[in-house]
>>> print(open('input.txt').read())   # compact mmCIF, C-alpha atoms
# COMPACT_ATOMS: atom_id res chain seq x y z
CA MET A 1 -21.56 -10.95 -6.01
CA GLN A 2 -22.55 -8.01 -8.21
CA ILE A 3 -23.54 -5.98 -5.15
CA LEU A 4 -20.17 -6.77 -3.58
CA SER A 5 -18.38 -5.53 -6.70
CA TYR A 6 -20.35 -2.28 -6.59
CA ALA A 7 -19.52 -1.84 -2.91
CA GLU A 8 -15.81 -2.40 -3.62
CA GLY A 9 -15.96 0.13 -6.42
CA ILE A 10 -17.62 2.77 -4.26
CA LEU A 11 -15.17 2.26 -1.40
CA GLY A 12 -12.24 2.30 -3.81
CA PHE A 13 -13.44 5.55 -5.36
CA ALA A 14 -13.91 7.13 -1.91
CA ALA A 15 -10.39 6.08 -0.86
CA MET A 16 -8.90 7.36 -4.10
CA LEU A 17 -10.66 10.71 -3.77
CA ALA A 18 -9.67 11.12 -0.11
CA ALA A 19 -6.01 10.37 -0.89
CA LEU A 20 -6.04 12.72 -3.89
CA LEU A 21 -7.53 15.62 -1.96
CA GLY A 22 -5.18 14.96 0.95
CA GLY A 23 -2.14 14.95 -1.31
CA ILE A 24 -3.13 18.16 -3.09
CA THR A 25 -3.85 19.89 0.23
CA ILE A 26 -0.48 18.91 1.68
CA LEU A 27 1.43 20.06 -1.38
CA GLN A 28 -0.41 23.39 -1.31
CA ARG A 29 0.43 23.95 2.35
CA ARG A 30 4.06 22.85 2.35
CA ASN A 31 6.58 23.19 -0.43
CA ASP A 32 9.68 21.87 1.34
CA ALA A 33 11.19 18.40 0.91
CA ALA A 34 9.21 16.91 3.81
CA GLY A 35 5.98 18.42 2.49
CA LYS A 36 6.60 16.94 -0.95
CA LEU A 37 7.23 13.50 0.56
CA MET A 38 4.01 13.72 2.57
CA GLY A 39 2.09 14.86 -0.48
CA TRP A 40 3.49 12.15 -2.69
CA THR A 41 2.76 9.53 -0.04
CA ALA A 42 -0.91 10.47 -0.39
CA LEU A 43 -0.78 10.65 -4.18
CA ILE A 44 0.90 7.25 -4.53
CA LEU A 45 -1.86 5.78 -2.38
CA CYS A 46 -4.34 7.54 -4.67
CA ILE A 47 -2.70 6.05 -7.78
CA GLY A 48 -2.82 2.56 -6.26
CA GLU A 49 -6.51 2.86 -5.48
CA ALA A 50 -7.20 4.35 -8.91
CA LEU A 51 -5.60 1.32 -10.56
CA ARG A 52 -7.54 -1.01 -8.28
CA LEU A 53 -10.75 0.81 -9.22
CA ALA A 54 -9.94 0.69 -12.94
CA ALA A 55 -9.30 -3.06 -12.69
CA CYS A 56 -12.57 -3.48 -10.79
CA LEU A 57 -14.46 -1.72 -13.58
CA LEU A 58 -12.76 -3.83 -16.25
CA ARG A 59 -13.62 -6.97 -14.28
CA SER A 60 -17.27 -5.91 -14.22
CA PHE A 61 -17.40 -5.43 -18.00
CA THR A 62 -15.58 -8.60 -19.02
CA GLU A 63 -16.08 -12.11 -17.73
CA ARG A 64 -13.38 -13.71 -19.85
CA ASN A 65 -10.42 -12.20 -18.00
CA ALA A 66 -12.17 -11.23 -14.75
CA ALA A 67 -9.67 -13.07 -12.55
CA PHE A 68 -6.75 -11.38 -14.30
CA TRP A 69 -8.16 -7.89 -13.80
CA SER A 70 -8.99 -8.61 -10.18
CA LEU A 71 -5.43 -9.78 -9.55
CA THR A 72 -3.90 -6.86 -11.45
CA GLY A 73 -5.85 -4.34 -9.40
CA ARG A 74 -4.83 -5.93 -6.12
CA MET A 75 -1.18 -6.16 -7.09
CA ALA A 76 -1.10 -2.55 -8.31
CA ALA A 77 -2.47 -1.43 -4.96
CA ALA A 78 0.05 -3.66 -3.16
CA LEU A 79 2.90 -2.04 -5.10
CA ALA A 80 1.56 1.38 -4.10
CA VAL A 81 1.60 0.35 -0.43
CA THR A 82 5.23 -0.72 -0.85
CA VAL A 83 6.17 2.68 -2.24
CA VAL A 84 4.26 4.38 0.60
CA CYS A 85 6.37 2.48 3.15
CA VAL A 86 9.59 3.57 1.42
CA LEU A 87 8.40 7.20 1.31
CA LEU A 88 7.56 7.06 5.02
CA SER A 89 11.12 5.94 5.70
CA LEU A 90 12.52 8.87 3.71
CA LEU A 91 10.07 11.26 5.33
CA TRP A 92 11.20 10.21 8.79
CA GLU A 93 14.73 11.21 7.87
CA LYS A 94 13.59 14.63 6.64
CA LEU A 95 11.26 15.48 9.52
CA TYR A 96 13.54 14.40 12.33
CA GLU A 97 16.82 15.20 10.59
CA LYS A 98 18.19 11.76 11.31
CA LYS A 99 19.68 9.13 9.06
CA ASN A 100 18.54 5.53 8.81
CA SER A 101 21.23 3.02 9.68
CA TYR A 102 22.90 1.17 6.83
CA TYR A 103 21.14 -2.08 7.70
CA ALA A 104 17.72 -0.44 8.06
CA GLU A 105 18.12 1.29 4.70
CA MET A 106 19.27 -1.96 3.11
CA LEU A 107 16.32 -3.91 4.53
CA VAL A 108 13.77 -1.39 3.32
CA ARG A 109 15.32 -1.08 -0.15
CA ASP A 110 15.99 -4.76 -0.83
CA LEU A 111 12.78 -6.11 0.68
CA ALA A 112 10.76 -3.55 -1.25
CA GLY A 113 12.32 -4.98 -4.42
CA ILE A 114 11.50 -8.55 -3.38
CA ARG A 115 7.91 -7.58 -2.60
CA ALA A 116 7.64 -5.88 -5.99
CA LEU A 117 8.69 -9.12 -7.67
CA GLY A 118 6.08 -10.97 -5.62
CA CYS A 119 3.45 -8.59 -6.96
CA VAL A 120 4.51 -8.65 -10.60
CA GLY A 121 5.15 -12.41 -10.81
CA PRO A 122 1.51 -13.60 -10.54
CA ILE A 123 0.42 -11.00 -13.11
CA VAL A 124 3.00 -12.33 -15.58
CA LEU A 125 1.79 -15.88 -14.92
CA TYR A 126 -1.82 -14.98 -15.64
CA LEU A 127 -0.86 -12.89 -18.65
CA SER A 128 1.10 -15.75 -20.19
CA ASN A 129 -2.03 -17.91 -20.01
CA ILE A 130 -4.17 -15.19 -21.54
CA LEU A 131 -1.76 -14.75 -24.43
CA GLN A 132 -2.07 -18.48 -25.05
CA ASP A 133 -5.88 -18.14 -25.09
CA GLU A 134 -6.16 -20.02 -21.81
CA ILE A 135 -8.44 -18.34 -19.28
CA TYR A 136 -8.15 -20.75 -16.37
CA ASP A 137 -6.69 -19.75 -13.03
CA PRO A 138 -3.10 -21.12 -13.02
CA LEU A 139 -3.36 -21.67 -9.27
CA ALA A 140 -6.68 -23.54 -9.41
CA GLY A 141 -6.36 -26.93 -7.74
CA VAL A 142 -2.87 -26.18 -6.44
CA PRO A 143 -2.28 -27.35 -2.83
CA ALA A 144 -2.59 -24.52 -0.31
CA LEU A 145 1.09 -24.81 0.59
CA TYR A 146 2.12 -23.90 -2.97
CA ALA A 147 -0.62 -21.29 -3.31
CA LEU A 148 0.87 -19.55 -0.27
CA ILE A 149 4.29 -19.05 -1.88
CA ALA A 150 3.46 -15.85 -3.77
CA PRO A 151 1.53 -14.26 -0.86
CA ALA A 152 4.40 -15.13 1.48
CA VAL A 153 6.90 -13.45 -0.86
CA ARG A 154 4.75 -10.35 -0.67
CA CYS A 155 3.77 -10.44 3.00
CA VAL A 156 7.02 -11.27 4.78
CA PRO A 157 8.88 -8.30 3.23
CA LEU A 158 5.92 -6.02 4.00
CA LEU A 159 5.94 -7.02 7.67
CA VAL A 160 9.68 -6.46 7.98
CA ILE A 161 9.59 -3.12 6.14
CA ALA A 162 6.65 -1.91 8.24
CA ALA A 163 8.39 -3.03 11.44
CA VAL A 164 11.63 -1.22 10.55
CA VAL A 165 9.91 2.01 9.51
CA ALA A 166 7.40 1.96 12.38
CA ARG A 167 10.21 1.44 14.89
CA HIS A 168 11.83 4.67 13.78
CA TRP A 169 8.58 6.62 13.89
CA ARG A 170 7.74 5.20 17.33
CA LYS A 171 11.08 6.25 18.80
CA MET A 172 10.34 9.87 17.85
CA ARG A 173 6.60 9.80 18.48
CA ASP A 174 6.72 12.46 21.21
CA ALA A 175 8.73 14.95 19.15
CA LEU A 176 5.80 15.78 16.86
CA PRO A 177 2.51 15.03 18.71
CA THR A 178 0.36 15.32 15.57
CA LEU A 179 2.26 12.41 14.00
CA ARG A 180 2.63 10.25 17.10
CA SER A 181 0.15 7.64 15.80
CA VAL A 182 1.80 7.18 12.39
CA TRP A 183 3.80 4.15 13.55
CA LEU A 184 0.71 2.37 14.89
CA ALA A 185 -1.35 3.04 11.76
CA LEU A 186 1.50 1.70 9.63
CA VAL A 187 1.77 -1.51 11.66
CA LEU A 188 -2.00 -2.06 11.55
CA SER A 189 -2.10 -1.45 7.80
CA ALA A 190 0.62 -4.08 7.28
CA LEU A 191 -1.20 -6.60 9.48
CA PHE A 192 -4.49 -6.06 7.65
CA GLY A 193 -2.67 -6.36 4.32
CA VAL A 194 -1.11 -9.66 5.32
CA ALA A 195 -4.43 -10.99 6.63
CA ALA A 196 -6.11 -10.03 3.35
CA ASP A 197 -3.40 -11.53 1.13
CA ILE A 198 -2.76 -14.80 2.96
CA GLY A 199 -6.26 -15.24 4.36
CA ALA A 200 -7.79 -15.00 0.88
CA VAL A 201 -5.99 -18.24 -0.08
CA PHE A 202 -8.27 -20.07 2.36
CA VAL A 203 -11.28 -17.73 2.63
CA PRO A 204 -11.71 -15.49 -0.44
CA ALA A 205 -13.93 -13.05 1.49
CA LEU A 206 -10.95 -12.08 3.66
CA ARG A 207 -9.63 -10.22 0.64
CA LEU A 208 -11.98 -7.42 1.70
CA LEU A 209 -9.64 -6.63 4.58
CA TRP A 210 -7.90 -4.36 2.07
CA ILE A 211 -10.54 -1.83 3.15
CA ALA A 212 -9.13 -1.78 6.68
CA GLN A 213 -5.59 -1.55 5.33
CA VAL A 214 -6.43 1.47 3.19
CA ALA A 215 -8.32 3.07 6.09
CA CYS A 216 -5.14 2.91 8.21
CA LEU A 217 -3.08 4.49 5.44
CA LEU A 218 -5.68 7.22 4.95
CA TRP A 219 -5.45 7.94 8.67
CA ILE A 220 -1.75 8.62 8.14
CA VAL A 221 -2.60 10.92 5.22
CA MET A 222 -5.07 12.84 7.39
CA ARG A 223 -2.38 13.24 10.06
CA PHE A 224 -0.11 14.67 7.39
CA VAL A 225 -2.82 17.09 6.25
CA ARG A 226 -3.27 18.35 9.80
CA PHE A 227 0.48 18.57 10.37
CA ALA A 228 0.96 20.53 7.17
CA GLY A 229 -1.74 22.96 8.29
CA GLU A 230 -0.09 23.44 11.67
CA THR A 231 3.39 24.07 10.32
CA GLY A 232 2.29 26.19 7.39
CA GLU A 233 4.01 26.62 4.05
CA LEU A 234 7.77 26.14 4.17
CA HIS A 235 10.14 26.85 1.30
>>> encode(input="input.txt", output="structure tokens")
Amino acid sequence: MQILSYAEGILGFAAMLAALLGGITILQRRNDAAGKLMGWTALILCIGEALRLAACLLRSFTERNAAFWSLTGRMAAALAVTVVCVLLSLLWEKLYEKKNSYYAEMLVRDLAGIRALGCVGPIVLYLSNILQDEIYDPLAGVPALYALIAPAVRCVPLLVIAAVVARHWRKMRDALPTLRSVWLALVLSALFGVAADIGAVFVPALRLLWIAQVACLLWIVMRFVRFAGETGELH
């Protein structure tokens, strides 16, 4: 278990560093609105992984609230993924000079809010127990059907948001060849995220699928880095 924690920490640090360097590179190469959105997409991913890494370190140094720190790190990273999806929707509008439909914009905005609540809710539940000097897992012994409620609140909105945003990117995939795979990477990242979140209820080891999810998002960041280099600095 200790070796697994070290491995998670190393992978988290590598992902954080890659996203940070990618974001800085993009912002240096492009200074227009689209460039800033691409750069901030990478930096938000970096922040999410940094918080996951910080929680992993805190979990390693304290056994009393280890479950709380583990959950907090995962939920912080999940919130970052949500913001990344929203930024990708806004970026699509900037790059292709098109406007999302009213219903697409509403779905992305409202479902992102619902997913955020699904991320914050479990943290509040754990925190309330900690403040009462109770360190047990509030979901321990709960039937799987009830344990799936919070992951479902997080995963269903993510799937819908990813589908809406990816659909737009796919329609325009031939307009900018460097970014033609963004839609596929986004869909795969959402599927891996759902498998990690829901699968962990039954098989805790499936939580490690977050690595595949982050890898897909980093692929998008690398596409942005290359695209920014091709188009040069725009003001």
>>> closest_residue(input="input.txt", among="A:Val124, A:Val160, A:Ala14, A:Leu71", to="Leu111 of chain A", atoms="all atoms listed in the file")
A:Val160
>>> closest_atom_pairs(input="input.txt", of="segment 38-135 of chain A", to="segment 154-159 of chain A", cutoff="7 Å", atoms="all atoms listed in the file", output="tab-separated table")
residue	atom	partner	partner_atom	distance
A:Leu111	CA	A:Pro157	CA	5.1
A:Ala112	CA	A:Pro157	CA	6.8
A:Arg115	CA	A:Arg154	CA	4.6
A:Gly118	CA	A:Arg154	CA	5.2
A:Cys119	CA	A:Arg154	CA	6.7
>>> residues_around(input="input.txt", residues="segment 224-228 of chain A", least_positions_apart="2", cutoff="12 Å", atoms="all atoms listed in the file", output="PDB file with C-alpha atoms, in the coordinates of the input")
ATOM      1  CA  ALA A  18      -9.670  11.120  -0.110  1.00  0.00           C
ATOM      2  CA  ALA A  19      -6.010  10.370  -0.890  1.00  0.00           C
ATOM      3  CA  LEU A  20      -6.040  12.720  -3.890  1.00  0.00           C
ATOM      4  CA  LEU A  21      -7.530  15.620  -1.960  1.00  0.00           C
ATOM      5  CA  GLY A  22      -5.180  14.960   0.950  1.00  0.00           C
ATOM      6  CA  GLY A  23      -2.140  14.950  -1.310  1.00  0.00           C
ATOM      7  CA  ILE A  24      -3.130  18.160  -3.090  1.00  0.00           C
ATOM      8  CA  THR A  25      -3.850  19.890   0.230  1.00  0.00           C
ATOM      9  CA  ILE A  26      -0.480  18.910   1.680  1.00  0.00           C
ATOM     10  CA  LEU A  27       1.430  20.060  -1.380  1.00  0.00           C
ATOM     11  CA  GLN A  28      -0.410  23.390  -1.310  1.00  0.00           C
ATOM     12  CA  ARG A  29       0.430  23.950   2.350  1.00  0.00           C
ATOM     13  CA  ARG A  30       4.060  22.850   2.350  1.00  0.00           C
ATOM     14  CA  ASN A  31       6.580  23.190  -0.430  1.00  0.00           C
ATOM     15  CA  ASP A  32       9.680  21.870   1.340  1.00  0.00           C
ATOM     16  CA  ALA A  34       9.210  16.910   3.810  1.00  0.00           C
ATOM     17  CA  GLY A  35       5.980  18.420   2.490  1.00  0.00           C
ATOM     18  CA  LYS A  36       6.600  16.940  -0.950  1.00  0.00           C
ATOM     19  CA  LEU A  37       7.230  13.500   0.560  1.00  0.00           C
ATOM     20  CA  MET A  38       4.010  13.720   2.570  1.00  0.00           C
ATOM     21  CA  GLY A  39       2.090  14.860  -0.480  1.00  0.00           C
ATOM     22  CA  TRP A  40       3.490  12.150  -2.690  1.00  0.00           C
ATOM     23  CA  THR A  41       2.760   9.530  -0.040  1.00  0.00           C
ATOM     24  CA  ALA A  42      -0.910  10.470  -0.390  1.00  0.00           C
ATOM     25  CA  LEU A  88       7.560   7.060   5.020  1.00  0.00           C
ATOM     26  CA  LEU A  91      10.070  11.260   5.330  1.00  0.00           C
ATOM     27  CA  LEU A  95      11.260  15.480   9.520  1.00  0.00           C
ATOM     28  CA  LEU A 176       5.800  15.780  16.860  1.00  0.00           C
ATOM     29  CA  PRO A 177       2.510  15.030  18.710  1.00  0.00           C
ATOM     30  CA  THR A 178       0.360  15.320  15.570  1.00  0.00           C
ATOM     31  CA  LEU A 179       2.260  12.410  14.000  1.00  0.00           C
ATOM     32  CA  ARG A 180       2.630  10.250  17.100  1.00  0.00           C
ATOM     33  CA  SER A 181       0.150   7.640  15.800  1.00  0.00           C
ATOM     34  CA  VAL A 182       1.800   7.180  12.390  1.00  0.00           C
ATOM     35  CA  LEU A 217      -3.080   4.490   5.440  1.00  0.00           C
ATOM     36  CA  LEU A 218      -5.680   7.220   4.950  1.00  0.00           C
ATOM     37  CA  TRP A 219      -5.450   7.940   8.670  1.00  0.00           C
ATOM     38  CA  ILE A 220      -1.750   8.620   8.140  1.00  0.00           C
ATOM     39  CA  VAL A 221      -2.600  10.920   5.220  1.00  0.00           C
ATOM     40  CA  MET A 222      -5.070  12.840   7.390  1.00  0.00           C
ATOM     41  CA  GLU A 230      -0.090  23.440  11.670  1.00  0.00           C
ATOM     42  CA  THR A 231       3.390  24.070  10.320  1.00  0.00           C
ATOM     43  CA  GLY A 232       2.290  26.190   7.390  1.00  0.00           C
ATOM     44  CA  GLU A 233       4.010  26.620   4.050  1.00  0.00           C
ATOM     45  CA  LEU A 234       7.770  26.140   4.170  1.00  0.00           C
TER      46      LEU A 234
END
>>> atom_distance(input="input.txt", atom1="atom CA of Ala104 of chain A", atom2="atom CA of Ala33 of chain A")
21.2 Å
>>> closest_residue(input="input.txt", among="A:Tyr96, A:Trp183, A:Tyr6, A:Tyr126", to="Ala67 of chain A", atoms="all atoms listed in the file")
A:Tyr126
>>> atom_distance(input="input.txt", atom1="atom CA of Ala147 of chain A", atom2="atom CA of Ala190 of chain A")
20.2 Å
